[in-house]
>>> print(open('coords_11.txt').read())   # compact mmCIF, C-alpha atoms and all ligand atoms
# COMPACT_ATOMS: atom_id res chain seq x y z
CA MET A 17 17.49 -61.28 224.71
CA GLU A 18 18.72 -62.57 221.41
CA LYS A 19 20.02 -60.07 218.96
CA ASN A 20 17.87 -59.79 215.85
CA ILE A 21 19.70 -60.78 212.75
CA SER A 22 19.68 -58.20 210.00
CA GLY A 23 17.48 -58.19 206.94
CA SER A 24 20.47 -58.66 204.67
CA THR A 25 21.56 -61.73 206.65
CA ILE A 26 18.05 -63.20 206.40
CA LYS A 27 18.04 -62.56 202.67
CA LYS A 28 21.40 -64.26 202.30
CA ASN A 29 20.34 -67.22 204.48
CA VAL A 30 17.31 -67.74 202.23
CA SER A 31 19.21 -67.63 198.97
CA ASN A 32 21.94 -69.92 200.33
CA LEU A 33 19.35 -72.44 201.48
CA LEU A 34 17.43 -72.26 198.19
CA GLU A 35 20.64 -72.96 196.30
CA SER A 36 21.43 -75.97 198.45
CA LEU A 37 18.00 -77.64 198.23
CA PRO A 38 17.47 -80.35 195.61
CA GLY A 39 15.59 -79.14 192.52
CA GLY A 40 11.83 -79.25 192.94
CA THR A 41 11.95 -78.86 196.73
CA VAL A 42 9.42 -76.31 197.98
CA LEU A 43 10.67 -74.06 200.79
CA ILE A 44 8.17 -72.88 203.37
CA ALA A 45 9.58 -70.14 205.59
CA ALA A 46 8.21 -70.84 209.08
CA THR A 47 7.42 -67.33 210.27
CA LYS A 48 5.71 -67.60 213.66
CA THR A 49 6.85 -64.68 215.87
CA ARG A 50 8.72 -63.03 212.98
CA THR A 51 8.07 -59.39 212.10
CA HIS A 52 6.80 -58.02 208.79
CA ASP A 53 10.28 -56.66 208.09
CA GLU A 54 11.93 -60.02 208.70
CA ILE A 55 9.43 -61.69 206.39
CA GLU A 56 9.96 -59.02 203.71
CA ALA A 57 13.70 -59.73 203.88
CA ALA A 58 13.01 -63.44 203.38
CA ILE A 59 10.79 -62.63 200.40
CA ALA A 60 13.59 -60.53 198.93
CA GLY A 61 15.82 -63.61 199.23
CA GLY A 62 13.35 -65.72 197.27
CA VAL A 63 10.75 -67.02 199.73
CA ALA A 64 7.39 -67.45 197.98
CA ILE A 65 5.44 -69.22 200.75
CA ILE A 66 5.30 -68.61 204.48
CA GLY A 67 4.01 -71.06 207.07
CA GLU A 68 2.08 -69.63 210.00
CA ASN A 69 0.92 -71.47 213.13
CA TYR A 70 -1.83 -69.22 214.44
CA VAL A 71 -4.76 -67.79 212.50
CA GLN A 72 -4.77 -64.53 214.43
CA GLU A 73 -1.06 -63.90 213.91
CA ALA A 74 -1.42 -64.77 210.24
CA GLU A 75 -4.31 -62.37 209.85
CA ALA A 76 -2.15 -59.38 210.80
CA LYS A 77 0.59 -60.47 208.40
CA PHE A 78 -1.94 -61.15 205.64
CA ALA A 79 -3.15 -57.55 205.81
CA VAL A 80 0.36 -56.34 204.99
CA LEU A 81 1.89 -59.13 202.91
CA LYS A 82 -0.96 -60.78 201.02
CA ASP A 83 0.15 -59.56 197.60
CA LYS A 84 3.78 -60.55 198.16
CA VAL A 85 3.69 -64.12 199.44
CA SER A 86 1.45 -67.19 199.79
CA PHE A 87 0.23 -68.33 203.20
CA HIS A 88 0.18 -71.92 204.46
CA LEU A 89 -1.26 -72.93 207.82
CA VAL A 90 1.21 -75.25 209.56
CA GLY A 91 -0.24 -75.11 213.09
CA HIS A 92 -3.29 -76.87 214.48
CA LEU A 93 -6.58 -75.48 213.18
CA GLN A 94 -9.34 -74.97 215.74
CA LYS A 95 -12.90 -75.24 214.51
CA ASN A 96 -13.77 -71.75 215.66
CA LYS A 97 -10.97 -70.34 213.47
CA VAL A 98 -11.93 -72.12 210.25
CA LYS A 99 -14.05 -69.30 208.89
CA LYS A 100 -11.15 -66.84 209.11
CA ALA A 101 -8.56 -69.38 208.03
CA VAL A 102 -10.22 -70.15 204.69
CA LYS A 103 -9.91 -66.50 203.69
CA ILE A 104 -6.23 -66.19 204.53
CA PHE A 105 -4.57 -69.44 203.61
CA ASP A 106 -3.57 -70.88 200.25
CA MET A 107 -3.04 -74.28 201.83
CA ILE A 108 -3.97 -75.96 205.11
CA GLN A 109 -1.20 -78.42 206.00
CA THR A 110 -2.72 -79.66 209.25
CA LEU A 111 -5.95 -81.43 208.40
CA ASP A 112 -6.15 -84.23 210.97
CA SER A 113 -9.78 -85.24 211.55
CA LYS A 114 -12.96 -86.00 209.65
CA GLU A 115 -14.81 -83.44 211.70
CA LEU A 116 -12.37 -80.72 210.69
CA ALA A 117 -12.59 -81.81 207.03
CA VAL A 118 -16.37 -81.37 207.11
CA PHE A 119 -16.11 -77.95 208.77
CA LEU A 120 -13.40 -76.78 206.43
CA ALA A 121 -15.22 -78.00 203.32
CA ARG A 122 -18.37 -76.19 204.36
CA GLU A 123 -16.61 -72.83 204.90
CA CYS A 124 -14.74 -73.17 201.60
CA GLU A 125 -18.01 -73.82 199.77
CA LYS A 126 -19.47 -70.64 201.24
CA ILE A 127 -16.74 -68.52 199.67
CA HIS A 128 -16.48 -70.64 196.49
CA LYS A 129 -12.90 -71.61 197.16
CA VAL A 130 -11.17 -74.91 196.52
CA MET A 131 -8.65 -75.28 199.33
CA PRO A 132 -5.45 -77.30 198.88
CA VAL A 133 -4.94 -79.44 201.99
CA LEU A 134 -2.34 -81.81 203.40
CA ILE A 135 -3.21 -84.45 205.96
CA GLU A 136 -1.05 -84.15 209.06
CA ILE A 137 0.35 -87.48 210.20
CA ASN A 138 1.31 -88.18 213.79
CA SER A 139 4.41 -90.11 212.78
CA ALA A 140 5.99 -89.90 216.24
CA GLY A 141 3.28 -91.99 217.89
CA GLU A 142 1.94 -91.08 221.30
CA SER A 143 4.52 -88.49 222.21
CA GLN A 144 2.76 -85.95 220.04
CA LYS A 145 -0.85 -84.90 219.96
CA SER A 146 -1.28 -83.25 216.59
CA GLY A 147 -1.89 -85.29 213.47
CA ILE A 148 -3.75 -88.49 212.72
CA ASP A 149 -2.16 -91.90 213.30
CA ILE A 150 -0.67 -93.58 210.25
CA GLY A 151 -3.15 -96.45 210.58
CA ARG A 152 -6.14 -94.12 210.38
CA ALA A 153 -4.93 -91.87 207.59
CA GLU A 154 -6.64 -93.69 204.72
CA GLU A 155 -10.01 -93.34 206.40
CA LEU A 156 -9.44 -89.59 206.44
CA VAL A 157 -8.26 -89.61 202.82
CA ARG A 158 -11.59 -91.14 201.80
CA GLU A 159 -13.50 -88.51 203.77
CA VAL A 160 -11.55 -85.62 202.24
CA MET A 161 -12.13 -87.04 198.76
CA LYS A 162 -15.88 -86.63 199.24
CA HIS A 163 -15.54 -82.84 199.35
CA PRO A 164 -15.09 -81.01 196.03
CA SER A 165 -14.05 -77.86 197.92
CA LEU A 166 -10.97 -79.65 199.29
CA SER A 167 -8.02 -80.53 197.05
CA LEU A 168 -6.00 -83.25 198.77
CA GLU A 169 -2.38 -82.74 197.76
CA GLY A 170 -0.25 -84.77 200.16
CA LEU A 171 0.96 -85.30 203.71
CA MET A 172 2.64 -83.23 206.39
CA THR A 173 4.38 -84.44 209.53
CA MET A 174 6.36 -82.96 212.40
CA GLY A 175 8.15 -86.15 213.45
CA PRO A 176 9.43 -86.74 216.97
CA ALA A 177 10.73 -83.79 218.98
CA SER A 178 13.66 -86.01 219.88
CA SER A 179 17.13 -85.21 218.61
CA ASP A 180 17.73 -88.92 218.04
CA ASP A 181 18.36 -89.00 214.30
CA GLU A 182 17.30 -92.64 213.94
CA ALA A 183 13.90 -91.94 215.55
CA VAL A 184 13.43 -88.93 213.30
CA ARG A 185 14.47 -90.88 210.22
CA SER A 186 12.17 -93.78 211.01
CA ALA A 187 9.17 -91.42 211.46
CA PHE A 188 9.91 -89.54 208.23
CA CYS A 189 10.52 -92.66 206.19
CA ALA A 190 7.32 -94.27 207.51
CA THR A 191 5.43 -91.16 206.40
CA LYS A 192 7.05 -91.39 202.97
CA GLY A 193 5.89 -95.02 202.74
CA LEU A 194 2.34 -93.95 203.53
CA PHE A 195 2.58 -91.08 201.03
CA ASP A 196 3.55 -93.53 198.25
CA ARG A 197 0.86 -96.05 199.24
CA ILE A 198 -1.92 -93.46 199.18
CA GLY A 199 -0.69 -92.08 195.86
CA SER A 200 -0.82 -95.51 194.23
CA THR A 201 -4.07 -96.63 195.91
CA TYR A 202 -5.97 -93.50 194.87
CA PRO A 203 -4.86 -92.47 191.37
CA GLN A 204 -7.94 -90.22 191.21
CA LEU A 205 -6.07 -87.87 193.58
CA SER A 206 -4.76 -85.86 190.66
CA ASN A 207 -3.02 -83.23 192.80
CA TRP A 208 -1.29 -85.70 195.13
CA GLN A 209 2.28 -84.37 195.17
CA TYR A 210 3.56 -82.81 198.42
CA LEU A 211 5.35 -84.45 201.30
CA SER A 212 5.93 -81.68 203.85
CA MET A 213 8.46 -82.69 206.48
CA GLY A 214 11.67 -81.40 208.00
CA MET A 215 12.53 -78.30 210.00
CA SER A 216 15.85 -76.52 210.62
CA ASP A 217 17.43 -79.38 212.52
CA SER A 218 15.86 -82.24 210.58
CA TYR A 219 15.38 -81.19 206.97
CA THR A 220 18.39 -83.03 205.59
CA THR A 221 17.08 -86.26 207.15
CA ALA A 222 13.62 -85.46 205.77
CA LEU A 223 15.01 -84.88 202.28
CA SER A 224 16.86 -88.19 202.40
CA CYS A 225 13.52 -89.88 203.21
CA GLY A 226 11.82 -88.21 200.23
CA ALA A 227 10.41 -84.90 201.51
CA ASN A 228 9.77 -82.37 198.75
CA MET A 229 8.51 -79.54 200.97
CA VAL A 230 10.50 -78.33 204.00
CA ARG A 231 9.44 -75.86 206.70
CA ILE A 232 12.36 -73.82 207.95
CA GLY A 233 12.41 -71.03 210.54
CA THR A 234 15.45 -70.82 212.79
CA LEU A 235 17.98 -71.47 210.06
CA LEU A 236 16.71 -68.44 208.14
CA PHE A 237 15.78 -66.00 210.90
CA GLY A 238 17.85 -67.04 213.91
CA PRO A 239 16.49 -68.18 217.29
CA ARG A 240 12.87 -67.26 217.99
CA ARG A 241 12.02 -64.57 220.50
CA MET A 242 9.67 -65.55 223.31
CA ARG A 243 6.03 -64.97 222.51
C1 LIG B 301 8.20 -73.59 213.87
C2 LIG B 301 7.85 -74.64 212.92
C3 LIG B 301 8.75 -75.07 211.94
C4 LIG B 301 10.15 -74.54 211.79
O1 LIG B 301 10.92 -74.79 212.93
P1 LIG B 301 12.46 -74.36 212.97
O2 LIG B 301 13.04 -75.32 213.94
O3 LIG B 301 12.47 -72.96 213.49
O4 LIG B 301 13.01 -74.47 211.62
C5 LIG B 301 8.30 -76.03 211.04
N1 LIG B 301 7.07 -76.56 211.12
C6 LIG B 301 6.19 -76.18 212.04
C7 LIG B 301 4.85 -76.80 212.07
C8 LIG B 301 6.55 -75.21 212.98
O5 LIG B 301 5.67 -74.86 213.93
>>> encode(input="coords_11.txt", output="structure tokens")
Amino acid sequence: MEKNISGSTIKKNVSNLLESLPGGTVLIAATKTRTHDEIEAAIAGGVAIIGENYVQEAEAKFAVLKDKVSFHLVGHLQKNKVKKAVKIFDMIQTLDSKELAVFLARECEKIHKVMPVLIEINSAGESQKSGIDIGRAEELVREVMKHPSLSLEGLMTMGPASSDDEAVRSAFCATKGLFDRIGSTYPQLSNWQYLSMGMSDSYTTALSCGANMVRIGTLLFGPRRMR
């Protein structure tokens, strides 16, 4: 069993990290498995957005924390969870198929919501299942653009699970290249602005490749407990 780190340590970790990030970088606190108290401590340190992986887990946190923090979905979205997800989340970072775009757009229309979305890129190639391949991303961009209830605002990627810094860098920098290409090819994407990449062990590499949104869990809260 890991020892929980205290609320005051979490708060200090958050403010230290916020101070060290380049200006304009958006911090997403990755809060899967974390308790309401741990998240409250992070909010006290300056966290304004949390990233959740599972709709059901987010739902419980939303009931308690909805007035204190924004919610981003950073885990894979299943079609049967879309209806719930559109009520909870302020951004879906993991849009990765045309089919999901259509589903998501329809549920957003029903509740008269325009949902900010990021397209998730599978920048690591075959080793990872979530995200769309770089070569197919533009096709998905054009689909998302057809839906007024979706606001396409950028890209998200996990990168390779590998600890090989060169592999991680090459995946992140390739995603940055795609981010720039899409931004210049489709100037009508007026909210195109976020490049979400980098976690606790890779965010400095991600920032050096041009990330402006980082998703950090362990560095703020300590090692995760088993689910
Ligand atoms: C858990 C998670 C993170 C943060 O990971 P850490 O290594 O704990 O910083 C970032 N992004 C996603 C999608 C995650 O699931």
>>> closest_residue(input="coords_11.txt", among="A:Gly62, A:Gly147, A:Gly233, A:Gly193", to="ligand LIG 301 (chain B)", atoms="only C-alpha atoms and all ligand atoms")
A:Gly233
>>> closest_residue(input="coords_11.txt", among="A:Arg185, A:Arg197, A:Arg122, A:Arg152", to="Leu166 in chain A", atoms="only C-alpha atoms")
A:Arg122
>>> closest_residue(input="coords_11.txt", among="A:Leu37, A:Ala45, A:Leu111, A:Val130", to="ligand LIG 301 (chain B)", atoms="only C-alpha atoms and all ligand atoms")
A:Ala45
>>> axis_aligned_box(input="coords_11.txt", around="ligand LIG 301 (chain B)", padding_each_side="8 Å", output="lines of an AutoDock Vina configuration file")
center_x = 8.9
center_y = -74.9
center_z = 212.5
size_x = 24.2
size_y = 19.8
size_z = 18.9
>>> atom_distance(input="coords_11.txt", atom1="atom C8 of ligand LIG 301 (chain B)", atom2="CA of Leu211 in chain A")
14.9 Å
>>> residues_near_ligand(input="coords_11.txt", ligand="ligand LIG 301 (chain B)", cutoff="9 Å", atoms="all atoms listed in the file", output="PyMOL selection string")
chain A and resi 44-48+67-69+89-92+109-110+172-174+212-219+230-240
>>> closest_residue(input="coords_11.txt", among="A:Lys84, A:Lys28, A:Lys103, A:Arg158", to="Val71 in chain A", atoms="all atoms listed in the file")
A:Lys103
>>> residues_around(input="coords_11.txt", residues="Asp53 in chain A", least_positions_apart="2", cutoff="12 Å", atoms="all atoms listed in the file", output="PyMOL selection string")
chain A and resi 20-24+26-27+47+49-51+55-60+77+80-81+237
>>> residues_around(input="coords_11.txt", residues="Ile137 in chain A", least_positions_apart="2", cutoff="8 Å", atoms="all atoms listed in the file", output="VMD selection string")
chain A and resid 112 135 139 146 to 150 153 171 to 174 191
>>> write_last_selection(input="coords_11.txt", atoms="C-alpha atoms", output="PDB file, in the coordinates of the input")
ATOM      1  CA  ASP A 112      -6.150 -84.230 210.970  1.00  0.00           C
ATOM      2  CA  ILE A 135      -3.210 -84.450 205.960  1.00  0.00           C
ATOM      3  CA  SER A 139       4.410 -90.110 212.780  1.00  0.00           C
ATOM      4  CA  SER A 146      -1.280 -83.250 216.590  1.00  0.00           C
ATOM      5  CA  GLY A 147      -1.890 -85.290 213.470  1.00  0.00           C
ATOM      6  CA  ILE A 148      -3.750 -88.490 212.720  1.00  0.00           C
ATOM      7  CA  ASP A 149      -2.160 -91.900 213.300  1.00  0.00           C
ATOM      8  CA  ILE A 150      -0.670 -93.580 210.250  1.00  0.00           C
ATOM      9  CA  ALA A 153      -4.930 -91.870 207.590  1.00  0.00           C
ATOM     10  CA  LEU A 171       0.960 -85.300 203.710  1.00  0.00           C
ATOM     11  CA  MET A 172       2.640 -83.230 206.390  1.00  0.00           C
ATOM     12  CA  THR A 173       4.380 -84.440 209.530  1.00  0.00           C
ATOM     13  CA  MET A 174       6.360 -82.960 212.400  1.00  0.00           C
ATOM     14  CA  THR A 191       5.430 -91.160 206.400  1.00  0.00           C
TER      15      THR A 191
END
>>> residues_near_point(input="coords_11.txt", point="(17.6, -87.9, 216.0)", cutoff="12 Å", atoms="only C-alpha atoms", output="list in words")
Ala140, Gly175, Pro176, Ala177, Ser178, Ser179, Asp180, Asp181, Glu182, Ala183, Val184, Arg185, Ser186, Ala187, Phe188, Gly214, Asp217, Ser218, Tyr219, Thr220, Thr221 and Ala222 of chain A
>>> atom_distance(input="coords_11.txt", atom1="CA of Met229 in chain A", atom2="CA of Ala64 in chain A")
12.5 Å
>>> closest_residue(input="coords_11.txt", among="A:Ala117, A:Val157, A:Ala227, A:Arg241", to="Tyr202 in chain A", atoms="only C-alpha atoms")
A:Val157
>>> atom_distance(input="coords_11.txt", atom1="CA of Glu125 in chain A", atom2="CA of Asn96 in chain A")
16.6 Å
>>> residues_around(input="coords_11.txt", residues="Phe78 in chain A", least_positions_apart="5", cutoff="10 Å", atoms="only C-alpha atoms", output="NGL selection string")
:A and (52 or 71-73 or 83-87 or 103-105)
>>> closest_residue(input="coords_11.txt", among="A:Leu194, A:Cys124, A:Ile108, A:Cys189", to="Ser224 in chain A", atoms="all atoms listed in the file")
A:Cys189
>>> residues_around(input="coords_11.txt", residues="Phe195 in chain A", least_positions_apart="3", cutoff="9 Å", atoms="all atoms listed in the file", output="ChimeraX atom specification")
/A:170-171,190-192,198-200,208-211
>>> residues_near_point(input="coords_11.txt", point="(-16.0, -72.1, 197.2)", cutoff="12 Å", atoms="all atoms listed in the file", output="list in words")
Val102, Lys103, Leu120, Ala121, Arg122, Glu123, Cys124, Glu125, Lys126, Ile127, His128, Lys129, Val130, Met131, Pro132, His163, Pro164, Ser165, Leu166 and Ser167 of chain A
>>> decode(input="coords_11.txt", residues="range 73-115 of chain A", atoms="C-alpha atoms", output="compact mmCIF listing (two decimals), in the first residue's frame")
# COMPACT_ATOMS: atom_id res chain seq x y z
CA GLU A 73 -16.17 7.78 -12.08
CA ALA A 74 -16.49 11.33 -13.38
CA GLU A 75 -20.20 11.35 -12.67
CA ALA A 76 -19.65 10.82 -8.94
CA LYS A 77 -17.03 13.58 -8.85
CA PHE A 78 -19.23 15.89 -10.91
CA ALA A 79 -21.99 15.66 -8.30
CA VAL A 80 -19.61 17.04 -5.67
CA LEU A 81 -17.19 19.24 -7.61
CA LYS A 82 -19.10 20.62 -10.58
CA ASP A 83 -19.13 24.20 -9.33
CA LYS A 84 -15.43 24.17 -8.44
CA VAL A 85 -13.65 22.78 -11.49
CA SER A 86 -14.08 22.00 -15.19
CA PHE A 87 -14.19 18.42 -16.43
CA HIS A 88 -12.37 17.05 -19.48
CA LEU A 89 -12.73 13.48 -20.71
CA VAL A 90 -9.26 12.07 -21.40
CA GLY A 91 -10.18 8.37 -21.61
CA HIS A 92 -11.82 6.48 -24.45
CA LEU A 93 -15.50 7.30 -24.91
CA GLN A 94 -17.84 4.37 -25.50
CA LYS A 95 -20.95 5.04 -27.53
CA ASN A 96 -23.25 3.88 -24.76
CA LYS A 97 -21.75 6.51 -22.43
CA VAL A 98 -22.11 9.49 -24.76
CA LYS A 99 -25.47 10.60 -23.42
CA LYS A 100 -24.09 10.90 -19.88
CA ALA A 101 -20.76 12.28 -21.00
CA VAL A 102 -22.22 15.30 -22.78
CA LYS A 103 -23.83 16.45 -19.54
CA ILE A 104 -20.68 16.19 -17.45
CA PHE A 105 -17.78 17.25 -19.62
CA ASP A 106 -16.63 20.68 -20.74
CA MET A 107 -14.35 19.09 -23.32
CA ILE A 108 -13.96 15.66 -24.91
CA GLN A 109 -10.26 15.13 -25.67
CA THR A 110 -10.61 11.65 -27.15
CA LEU A 111 -12.67 11.94 -30.31
CA ASP A 112 -11.20 9.29 -32.60
CA SER A 113 -13.80 8.14 -35.13
CA LYS A 114 -16.43 9.50 -37.49
CA GLU A 115 -19.02 7.27 -35.90
